[in-house]
Amino acid sequence: MARSSSGFVAGLTAAAVAAVGFLAYQAQASAPSPAELAAKPRTPSTAPSAVPSGKPKPAKDPLRLPVASGSGERVVYALKDRRVWLVNEKNQVTQTFTVMPSTVSPPPGAYAVTSRSGSVRGSDGVQIEHVVRFATVQDVSIGFSAAVDGSTPSPDPSRKTGGIRMKRSDGDAMWTFASIGSKIIVVA
């Protein structure tokens, strides 16, 4: 009798394992893939509780040209984003890059390149090249430049400086793009 009851228990165990395996297979087959989960917008039940109700805002593309930045060939400088876009006459971005702002910033508005210098010493004492000036604020000349040593440190907040620093390769691009009279649009 012990032999037949152990066979019966073994049969039940095998049937139970098979049933669990089948149910697991069905659950996996009906579950969304990781790609589907990533593509699916979050609903209030799956969104973090700190998100306010309403439609979530799409993520901002940091490389996208600001909306209210004019038209035609121009240099666009976004103060908050610390980014510059070089835009051709067809309103196409030809290059974009980050910059290190100076301690004195120009207010948002339209400007034009007023002067350029190939190589000078900056107001912070650093040797700079490809200086493209476009504004004067608080008796400080504001312009784009690149440090000859390639550095882009944060400016000394105790000094009034107007150099908006960029990498040397970006300075080369700015120098080639922005001649005297070129339009500069500064946005917040």
# chains A, B, ... in the order shown; residues from 1 in each chain; ligands from 1
call {"tool": "residues_around", "arguments": {"residues": "Val186 (chain A)", "least_positions_apart": "4", "cutoff": "9 Å", "atoms": "only C-alpha atoms", "output": "PyMOL selection string"}}
result
chain A and resi 69+75-79+106-111
call {"tool": "write_last_selection", "arguments": {"atoms": "C-alpha atoms", "output": "PDB file, in the first residue's frame"}}
result
ATOM      1  CA  SER A  69      15.149  82.733 -31.256  1.00  0.00           C
ATOM      2  CA  VAL A  75      24.088  82.915 -33.370  1.00  0.00           C
ATOM      3  CA  VAL A  76      21.662  81.980 -30.588  1.00  0.00           C
ATOM      4  CA  TYR A  77      22.912  82.127 -26.998  1.00  0.00           C
ATOM      5  CA  ALA A  78      20.634  80.640 -24.279  1.00  0.00           C
ATOM      6  CA  LEU A  79      21.651  82.031 -20.887  1.00  0.00           C
ATOM      7  CA  PRO A 106      23.730  90.446 -21.591  1.00  0.00           C
ATOM      8  CA  PRO A 107      19.968  90.800 -21.220  1.00  0.00           C
ATOM      9  CA  PRO A 108      17.870  88.786 -23.682  1.00  0.00           C
ATOM     10  CA  GLY A 109      17.544  90.549 -27.010  1.00  0.00           C
ATOM     11  CA  ALA A 110      18.995  91.000 -30.486  1.00  0.00           C
ATOM     12  CA  TYR A 111      22.590  92.131 -30.952  1.00  0.00           C
TER      13      TYR A 111
END
call {"tool": "residues_around", "arguments": {"residues": "Ser154 (chain A)", "least_positions_apart": "2", "cutoff": "12 Å", "atoms": "only C-alpha atoms", "output": "mmCIF file with all heavy atoms, in the first residue's frame"}}
result
data_model
loop_
_atom_site.group_PDB
_atom_site.id
_atom_site.type_symbol
_atom_site.label_atom_id
_atom_site.label_comp_id
_atom_site.auth_asym_id
_atom_site.auth_seq_id
_atom_site.Cartn_x
_atom_site.Cartn_y
_atom_site.Cartn_z
ATOM 1 N N ARG A 82 23.154 77.666 -21.030
ATOM 2 C CA ARG A 82 24.603 77.780 -21.255
ATOM 3 C C ARG A 82 24.991 77.104 -22.564
ATOM 4 O O ARG A 82 25.920 76.310 -22.632
ATOM 5 C CB ARG A 82 25.394 77.177 -20.099
ATOM 6 C CG ARG A 82 25.178 77.850 -18.784
ATOM 7 C CD ARG A 82 25.970 77.207 -17.685
ATOM 8 N NE ARG A 82 25.909 78.006 -16.481
ATOM 9 C CZ ARG A 82 26.737 77.888 -15.467
ATOM 10 N NH1 ARG A 82 27.707 76.998 -15.513
ATOM 11 N NH2 ARG A 82 26.626 78.646 -14.413
ATOM 12 N N VAL A 99 28.740 76.465 -23.308
ATOM 13 C CA VAL A 99 29.680 77.531 -22.992
ATOM 14 C C VAL A 99 29.697 77.756 -21.487
ATOM 15 O O VAL A 99 28.792 77.311 -20.777
ATOM 16 C CB VAL A 99 29.302 78.852 -23.710
ATOM 17 C CG1 VAL A 99 29.417 78.704 -25.219
ATOM 18 C CG2 VAL A 99 27.918 79.325 -23.318
ATOM 19 N N MET A 100 30.721 78.472 -21.018
ATOM 20 C CA MET A 100 30.787 78.889 -19.619
ATOM 21 C C MET A 100 30.520 80.390 -19.604
ATOM 22 O O MET A 100 31.309 81.166 -20.146
ATOM 23 C CB MET A 100 32.170 78.595 -19.029
ATOM 24 C CG MET A 100 32.337 79.076 -17.594
ATOM 25 S SD MET A 100 31.107 78.451 -16.419
ATOM 26 C CE MET A 100 31.551 76.724 -16.372
ATOM 27 N N PRO A 101 29.387 80.809 -19.036
ATOM 28 C CA PRO A 101 29.048 82.231 -19.044
ATOM 29 C C PRO A 101 29.997 83.062 -18.179
ATOM 30 O O PRO A 101 30.658 82.533 -17.283
ATOM 31 C CB PRO A 101 27.628 82.273 -18.495
ATOM 32 C CG PRO A 101 27.364 80.957 -17.903
ATOM 33 C CD PRO A 101 28.395 79.995 -18.382
ATOM 34 N N SER A 102 30.018 84.341 -18.468
ATOM 35 C CA SER A 102 30.823 85.278 -17.687
ATOM 36 C C SER A 102 30.037 85.717 -16.453
ATOM 37 O O SER A 102 28.886 85.323 -16.267
ATOM 38 C CB SER A 102 31.163 86.484 -18.561
ATOM 39 O OG SER A 102 29.971 87.064 -19.064
ATOM 40 N N THR A 103 30.641 86.564 -15.639
ATOM 41 C CA THR A 103 29.933 87.047 -14.450
ATOM 42 C C THR A 103 28.921 88.130 -14.797
ATOM 43 O O THR A 103 27.981 88.365 -14.052
ATOM 44 C CB THR A 103 30.918 87.585 -13.391
ATOM 45 O OG1 THR A 103 31.667 88.665 -13.961
ATOM 46 C CG2 THR A 103 31.847 86.490 -12.895
ATOM 47 N N ASP A 124 40.031 88.513 -17.312
ATOM 48 C CA ASP A 124 40.405 87.674 -16.166
ATOM 49 C C ASP A 124 41.895 87.329 -16.176
ATOM 50 O O ASP A 124 42.366 86.560 -15.356
ATOM 51 C CB ASP A 124 39.567 86.394 -16.147
ATOM 52 C CG ASP A 124 39.698 85.572 -17.413
ATOM 53 O OD1 ASP A 124 40.434 85.979 -18.347
ATOM 54 O OD2 ASP A 124 39.059 84.513 -17.491
ATOM 55 N N SER A 151 41.079 75.751 -21.385
ATOM 56 C CA SER A 151 40.289 75.655 -20.153
ATOM 57 C C SER A 151 38.979 76.431 -20.274
ATOM 58 O O SER A 151 38.874 77.387 -21.041
ATOM 59 C CB SER A 151 41.095 76.192 -18.967
ATOM 60 O OG SER A 151 41.348 77.573 -19.132
ATOM 61 N N THR A 152 37.985 75.997 -19.521
ATOM 62 C CA THR A 152 36.707 76.710 -19.432
ATOM 63 C C THR A 152 36.242 76.732 -17.973
ATOM 64 O O THR A 152 35.149 76.263 -17.654
ATOM 65 C CB THR A 152 35.622 76.044 -20.315
ATOM 66 O OG1 THR A 152 35.489 74.680 -19.926
ATOM 67 C CG2 THR A 152 35.931 76.143 -21.787
ATOM 68 N N ASP A 156 35.591 83.923 -11.737
ATOM 69 C CA ASP A 156 35.674 84.405 -10.364
ATOM 70 C C ASP A 156 34.480 85.335 -10.121
ATOM 71 O O ASP A 156 34.376 86.393 -10.752
ATOM 72 C CB ASP A 156 36.994 85.152 -10.166
ATOM 73 C CG ASP A 156 37.167 85.711 -8.763
ATOM 74 O OD1 ASP A 156 36.207 85.685 -7.951
ATOM 75 O OD2 ASP A 156 38.286 86.187 -8.473
ATOM 76 N N PRO A 157 33.549 84.971 -9.235
ATOM 77 C CA PRO A 157 32.340 85.779 -9.038
ATOM 78 C C PRO A 157 32.629 87.170 -8.465
ATOM 79 O O PRO A 157 31.779 88.049 -8.526
ATOM 80 C CB PRO A 157 31.484 84.944 -8.077
ATOM 81 C CG PRO A 157 32.418 83.990 -7.431
ATOM 82 C CD PRO A 157 33.564 83.788 -8.383
ATOM 83 N N SER A 158 33.817 87.392 -7.938
ATOM 84 C CA SER A 158 34.146 88.703 -7.373
ATOM 85 C C SER A 158 34.631 89.688 -8.442
ATOM 86 O O SER A 158 34.826 90.859 -8.154
ATOM 87 C CB SER A 158 35.212 88.557 -6.280
ATOM 88 O OG SER A 158 36.451 88.159 -6.848
ATOM 89 N N ARG A 159 34.824 89.210 -9.691
ATOM 90 C CA ARG A 159 35.304 90.066 -10.777
ATOM 91 C C ARG A 159 34.223 90.241 -11.837
ATOM 92 O O ARG A 159 33.467 89.316 -12.113
ATOM 93 C CB ARG A 159 36.542 89.444 -11.422
ATOM 94 C CG ARG A 159 37.691 89.332 -10.431
ATOM 95 C CD ARG A 159 38.907 88.751 -11.065
ATOM 96 N NE ARG A 159 39.507 89.773 -11.941
ATOM 97 C CZ ARG A 159 40.590 89.571 -12.652
ATOM 98 N NH1 ARG A 159 41.187 88.403 -12.622
ATOM 99 N NH2 ARG A 159 41.087 90.519 -13.405
ATOM 100 N N THR A 161 33.485 90.176 -15.388
ATOM 101 C CA THR A 161 34.059 89.704 -16.647
ATOM 102 C C THR A 161 32.960 89.516 -17.677
ATOM 103 O O THR A 161 31.802 89.274 -17.334
ATOM 104 C CB THR A 161 34.811 88.368 -16.453
ATOM 105 O OG1 THR A 161 33.889 87.386 -15.978
ATOM 106 C CG2 THR A 161 35.955 88.501 -15.462
ATOM 107 N N GLY A 163 33.649 87.570 -20.725
ATOM 108 C CA GLY A 163 34.020 86.505 -21.653
ATOM 109 C C GLY A 163 33.162 85.266 -21.498
ATOM 110 O O GLY A 163 33.143 84.644 -20.442
ATOM 111 N N ILE A 164 32.450 84.911 -22.552
ATOM 112 C CA ILE A 164 31.652 83.677 -22.585
ATOM 113 C C ILE A 164 32.577 82.636 -23.200
ATOM 114 O O ILE A 164 32.844 82.672 -24.400
ATOM 115 C CB ILE A 164 30.378 83.864 -23.427
ATOM 116 C CG1 ILE A 164 29.549 85.033 -22.872
ATOM 117 C CG2 ILE A 164 29.569 82.569 -23.471
ATOM 118 C CD1 ILE A 164 28.543 85.597 -23.857
ATOM 119 N N ARG A 165 33.097 81.741 -22.373
ATOM 120 C CA ARG A 165 34.151 80.827 -22.815
ATOM 121 C C ARG A 165 33.610 79.542 -23.401
ATOM 122 O O ARG A 165 32.563 79.042 -23.004
ATOM 123 C CB ARG A 165 35.084 80.490 -21.648
ATOM 124 C CG ARG A 165 35.837 81.688 -21.124
ATOM 125 C CD ARG A 165 36.897 82.172 -22.103
ATOM 126 N NE ARG A 165 37.378 83.492 -21.814
ATOM 127 C CZ ARG A 165 38.247 83.800 -20.872
ATOM 128 N NH1 ARG A 165 38.755 82.865 -20.124
ATOM 129 N NH2 ARG A 165 38.615 85.049 -20.682
ATOM 130 N N MET A 166 34.374 79.023 -24.353
ATOM 131 C CA MET A 166 34.028 77.772 -25.029
ATOM 132 C C MET A 166 35.301 77.011 -25.329
ATOM 133 O O MET A 166 36.399 77.544 -25.186
ATOM 134 C CB MET A 166 33.255 78.068 -26.315
ATOM 135 C CG MET A 166 33.995 78.974 -27.272
ATOM 136 S SD MET A 166 32.975 79.613 -28.612
ATOM 137 C CE MET A 166 31.922 80.720 -27.743
#
call {"tool": "atom_distance", "arguments": {"atom1": "CA of Thr94 (chain A)", "atom2": "CA of Arg74 (chain A)"}}
result
10.6 Å
call {"tool": "residues_around", "arguments": {"residues": "region 60-65 of chain A", "least_positions_apart": "2", "cutoff": "12 Å", "atoms": "only C-alpha atoms", "output": "number ranges by chain"}}
result
A: 56-58, 67-71, 74-78, 80-87, 91-98, 185-187
call {"tool": "select_by_dssp", "arguments": {"residues": "region 107-172 of chain A", "states": "strand (DSSP E)", "output": "PyMOL selection string"}}
result
chain A and resi 109-112+115-121+127-137+140-147+163-166
call {"tool": "closest_residue", "arguments": {"among": "A:Gly162, A:Glu73, A:Ala135, A:Trp175", "to": "Ser119 (chain A)", "atoms": "only C-alpha atoms"}}
result
A:Trp175
call {"tool": "closest_residue", "arguments": {"among": "A:Ile142, A:Val120, A:Val104, A:Val132", "to": "Met174 (chain A)", "atoms": "only C-alpha atoms"}}
result
A:Val132
call {"tool": "closest_residue", "arguments": {"among": "A:Ser145, A:Lys160, A:Gly122, A:Val137", "to": "Ala173 (chain A)", "atoms": "only C-alpha atoms"}}
result
A:Ser145
call {"tool": "atom_distance", "arguments": {"atom1": "CA of Arg168 (chain A)", "atom2": "CA of Lys90 (chain A)"}}
result
26.1 Å
call {"tool": "residues_around", "arguments": {"residues": "Ile180 (chain A)", "least_positions_apart": "6", "cutoff": "10 Å", "atoms": "only C-alpha atoms", "output": "PDB file with all heavy atoms, in the first residue's frame"}}
result
ATOM      1  N   ALA A 112      24.366  92.549 -32.533  1.00  0.00           N
ATOM      2  CA  ALA A 112      25.179  92.297 -33.713  1.00  0.00           C
ATOM      3  C   ALA A 112      26.641  92.280 -33.278  1.00  0.00           C
ATOM      4  O   ALA A 112      27.023  92.959 -32.307  1.00  0.00           O
ATOM      5  CB  ALA A 112      24.960  93.380 -34.759  1.00  0.00           C
ATOM      6  N   VAL A 113      27.459  91.516 -33.967  1.00  0.00           N
ATOM      7  CA  VAL A 113      28.889  91.471 -33.665  1.00  0.00           C
ATOM      8  C   VAL A 113      29.463  92.852 -33.960  1.00  0.00           C
ATOM      9  O   VAL A 113      29.300  93.382 -35.066  1.00  0.00           O
ATOM     10  CB  VAL A 113      29.601  90.381 -34.497  1.00  0.00           C
ATOM     11  CG1 VAL A 113      31.103  90.434 -34.279  1.00  0.00           C
ATOM     12  CG2 VAL A 113      29.054  89.003 -34.151  1.00  0.00           C
ATOM     13  N   THR A 114      30.118  93.440 -32.949  1.00  0.00           N
ATOM     14  CA  THR A 114      30.661  94.794 -33.085  1.00  0.00           C
ATOM     15  C   THR A 114      32.169  94.805 -33.282  1.00  0.00           C
ATOM     16  O   THR A 114      32.698  95.736 -33.882  1.00  0.00           O
ATOM     17  CB  THR A 114      30.315  95.639 -31.849  1.00  0.00           C
ATOM     18  OG1 THR A 114      30.793  94.964 -30.680  1.00  0.00           O
ATOM     19  CG2 THR A 114      28.810  95.855 -31.736  1.00  0.00           C
ATOM     20  N   SER A 115      32.872  93.806 -32.761  1.00  0.00           N
ATOM     21  CA  SER A 115      34.320  93.744 -32.951  1.00  0.00           C
ATOM     22  C   SER A 115      34.807  92.318 -32.750  1.00  0.00           C
ATOM     23  O   SER A 115      34.126  91.492 -32.143  1.00  0.00           O
ATOM     24  CB  SER A 115      35.050  94.697 -31.992  1.00  0.00           C
ATOM     25  OG  SER A 115      34.951  94.238 -30.653  1.00  0.00           O
ATOM     26  N   ARG A 116      36.010  92.077 -33.279  1.00  0.00           N
ATOM     27  CA  ARG A 116      36.623  90.749 -33.170  1.00  0.00           C
ATOM     28  C   ARG A 116      38.116  90.934 -32.927  1.00  0.00           C
ATOM     29  O   ARG A 116      38.700  91.908 -33.391  1.00  0.00           O
ATOM     30  CB  ARG A 116      36.423  89.958 -34.466  1.00  0.00           C
ATOM     31  CG  ARG A 116      34.996  89.624 -34.754  1.00  0.00           C
ATOM     32  CD  ARG A 116      34.706  89.108 -36.160  1.00  0.00           C
ATOM     33  NE  ARG A 116      35.764  88.494 -36.890  1.00  0.00           N
ATOM     34  CZ  ARG A 116      35.788  87.220 -37.321  1.00  0.00           C
ATOM     35  NH1 ARG A 116      34.765  86.434 -37.074  1.00  0.00           N
ATOM     36  NH2 ARG A 116      36.794  86.751 -38.008  1.00  0.00           N
ATOM     37  N   VAL A 132      34.778  87.277 -30.180  1.00  0.00           N
ATOM     38  CA  VAL A 132      33.667  87.825 -30.969  1.00  0.00           C
ATOM     39  C   VAL A 132      32.794  88.614 -29.998  1.00  0.00           C
ATOM     40  O   VAL A 132      32.024  88.040 -29.233  1.00  0.00           O
ATOM     41  CB  VAL A 132      32.866  86.689 -31.652  1.00  0.00           C
ATOM     42  CG1 VAL A 132      31.662  87.248 -32.390  1.00  0.00           C
ATOM     43  CG2 VAL A 132      33.759  85.887 -32.589  1.00  0.00           C
ATOM     44  N   ARG A 133      32.929  89.965 -30.024  1.00  0.00           N
ATOM     45  CA  ARG A 133      32.208  90.828 -29.082  1.00  0.00           C
ATOM     46  C   ARG A 133      30.899  91.314 -29.700  1.00  0.00           C
ATOM     47  O   ARG A 133      30.846  91.614 -30.896  1.00  0.00           O
ATOM     48  CB  ARG A 133      33.069  92.025 -28.709  1.00  0.00           C
ATOM     49  CG  ARG A 133      34.320  91.673 -27.944  1.00  0.00           C
ATOM     50  CD  ARG A 133      35.159  92.932 -27.644  1.00  0.00           C
ATOM     51  NE  ARG A 133      36.527  92.572 -27.358  1.00  0.00           N
ATOM     52  CZ  ARG A 133      37.481  92.411 -28.286  1.00  0.00           C
ATOM     53  NH1 ARG A 133      37.210  92.595 -29.551  1.00  0.00           N
ATOM     54  NH2 ARG A 133      38.707  92.088 -27.918  1.00  0.00           N
ATOM     55  N   PHE A 134      29.866  91.431 -28.831  1.00  0.00           N
ATOM     56  CA  PHE A 134      28.563  91.845 -29.350  1.00  0.00           C
ATOM     57  C   PHE A 134      27.761  92.754 -28.428  1.00  0.00           C
ATOM     58  O   PHE A 134      26.709  93.250 -28.813  1.00  0.00           O
ATOM     59  CB  PHE A 134      27.711  90.620 -29.717  1.00  0.00           C
ATOM     60  CG  PHE A 134      27.375  89.733 -28.548  1.00  0.00           C
ATOM     61  CD1 PHE A 134      26.202  89.917 -27.823  1.00  0.00           C
ATOM     62  CD2 PHE A 134      28.227  88.716 -28.175  1.00  0.00           C
ATOM     63  CE1 PHE A 134      25.889  89.093 -26.753  1.00  0.00           C
ATOM     64  CE2 PHE A 134      27.919  87.887 -27.100  1.00  0.00           C
ATOM     65  CZ  PHE A 134      26.742  88.079 -26.390  1.00  0.00           C
TER      66      PHE A 134
END
call {"tool": "residues_around", "arguments": {"residues": "Val126 (chain A)", "least_positions_apart": "3", "cutoff": "10 Å", "atoms": "only C-alpha atoms", "output": "mmCIF file with all heavy atoms, in the first residue's frame"}}
result
data_model
loop_
_atom_site.group_PDB
_atom_site.id
_atom_site.type_symbol
_atom_site.label_atom_id
_atom_site.label_comp_id
_atom_site.auth_asym_id
_atom_site.auth_seq_id
_atom_site.Cartn_x
_atom_site.Cartn_y
_atom_site.Cartn_z
ATOM 1 N N VAL A 120 44.054 87.974 -27.622
ATOM 2 C CA VAL A 120 44.243 89.027 -26.614
ATOM 3 C C VAL A 120 44.274 88.386 -25.231
ATOM 4 O O VAL A 120 44.026 87.192 -25.080
ATOM 5 C CB VAL A 120 43.112 90.087 -26.660
ATOM 6 C CG1 VAL A 120 43.106 90.839 -27.977
ATOM 7 C CG2 VAL A 120 41.761 89.475 -26.386
ATOM 8 N N ARG A 121 44.533 89.214 -24.235
ATOM 9 C CA ARG A 121 44.435 88.753 -22.853
ATOM 10 C C ARG A 121 43.045 89.143 -22.360
ATOM 11 O O ARG A 121 42.625 90.284 -22.516
ATOM 12 C CB ARG A 121 45.524 89.390 -21.988
ATOM 13 C CG ARG A 121 45.548 88.801 -20.583
ATOM 14 C CD ARG A 121 46.850 89.019 -19.859
ATOM 15 N NE ARG A 121 48.027 88.490 -20.513
ATOM 16 C CZ ARG A 121 48.431 87.204 -20.512
ATOM 17 N NH1 ARG A 121 47.709 86.314 -19.878
ATOM 18 N NH2 ARG A 121 49.533 86.830 -21.110
ATOM 19 N N GLY A 122 42.320 88.189 -21.785
ATOM 20 C CA GLY A 122 40.968 88.438 -21.298
ATOM 21 C C GLY A 122 40.967 89.285 -20.040
ATOM 22 O O GLY A 122 42.000 89.465 -19.389
ATOM 23 N N SER A 123 39.788 89.793 -19.671
ATOM 24 C CA SER A 123 39.665 90.618 -18.461
ATOM 25 C C SER A 123 39.992 89.835 -17.198
ATOM 26 O O SER A 123 40.255 90.418 -16.154
ATOM 27 C CB SER A 123 38.259 91.217 -18.373
ATOM 28 O OG SER A 123 37.287 90.188 -18.366
ATOM 29 N N GLU A 129 41.627 83.558 -27.515
ATOM 30 C CA GLU A 129 41.653 83.727 -28.966
ATOM 31 C C GLU A 129 40.241 83.719 -29.518
ATOM 32 O O GLU A 129 39.293 83.326 -28.835
ATOM 33 C CB GLU A 129 42.472 82.605 -29.612
ATOM 34 C CG GLU A 129 41.869 81.222 -29.421
ATOM 35 C CD GLU A 129 42.725 80.112 -30.033
ATOM 36 O OE1 GLU A 129 43.796 80.380 -30.591
ATOM 37 O OE2 GLU A 129 42.297 78.953 -29.913
ATOM 38 N N ALA A 146 37.714 81.714 -26.596
ATOM 39 C CA ALA A 146 38.252 80.430 -26.133
ATOM 40 C C ALA A 146 39.610 80.692 -25.511
ATOM 41 O O ALA A 146 40.415 81.456 -26.055
ATOM 42 C CB ALA A 146 38.383 79.456 -27.299
ATOM 43 N N ALA A 147 39.859 80.079 -24.362
ATOM 44 C CA ALA A 147 41.172 80.197 -23.730
ATOM 45 C C ALA A 147 42.178 79.411 -24.556
ATOM 46 O O ALA A 147 41.887 78.299 -25.005
ATOM 47 C CB ALA A 147 41.122 79.670 -22.304
ATOM 48 N N VAL A 148 43.351 80.000 -24.770
ATOM 49 C CA VAL A 148 44.388 79.341 -25.555
ATOM 50 C C VAL A 148 44.789 78.013 -24.921
ATOM 51 O O VAL A 148 45.086 77.043 -25.622
ATOM 52 C CB VAL A 148 45.607 80.281 -25.741
ATOM 53 C CG1 VAL A 148 46.768 79.567 -26.409
ATOM 54 C CG2 VAL A 148 45.201 81.504 -26.555
ATOM 55 N N ASP A 149 44.737 77.950 -23.591
ATOM 56 C CA ASP A 149 45.101 76.688 -22.915
ATOM 57 C C ASP A 149 43.957 75.666 -22.928
ATOM 58 O O ASP A 149 44.090 74.566 -22.396
ATOM 59 C CB ASP A 149 45.575 76.943 -21.484
ATOM 60 C CG ASP A 149 44.482 77.459 -20.549
ATOM 61 O OD1 ASP A 149 43.293 77.537 -20.949
ATOM 62 O OD2 ASP A 149 44.821 77.788 -19.387
ATOM 63 N N SER A 151 41.079 75.751 -21.385
ATOM 64 C CA SER A 151 40.289 75.655 -20.153
ATOM 65 C C SER A 151 38.979 76.431 -20.274
ATOM 66 O O SER A 151 38.874 77.387 -21.041
ATOM 67 C CB SER A 151 41.095 76.192 -18.967
ATOM 68 O OG SER A 151 41.348 77.573 -19.132
#
call {"tool": "atom_distance", "arguments": {"atom1": "CA of Gly150 (chain A)", "atom2": "CA of Ser117 (chain A)"}}
result
17.1 Å
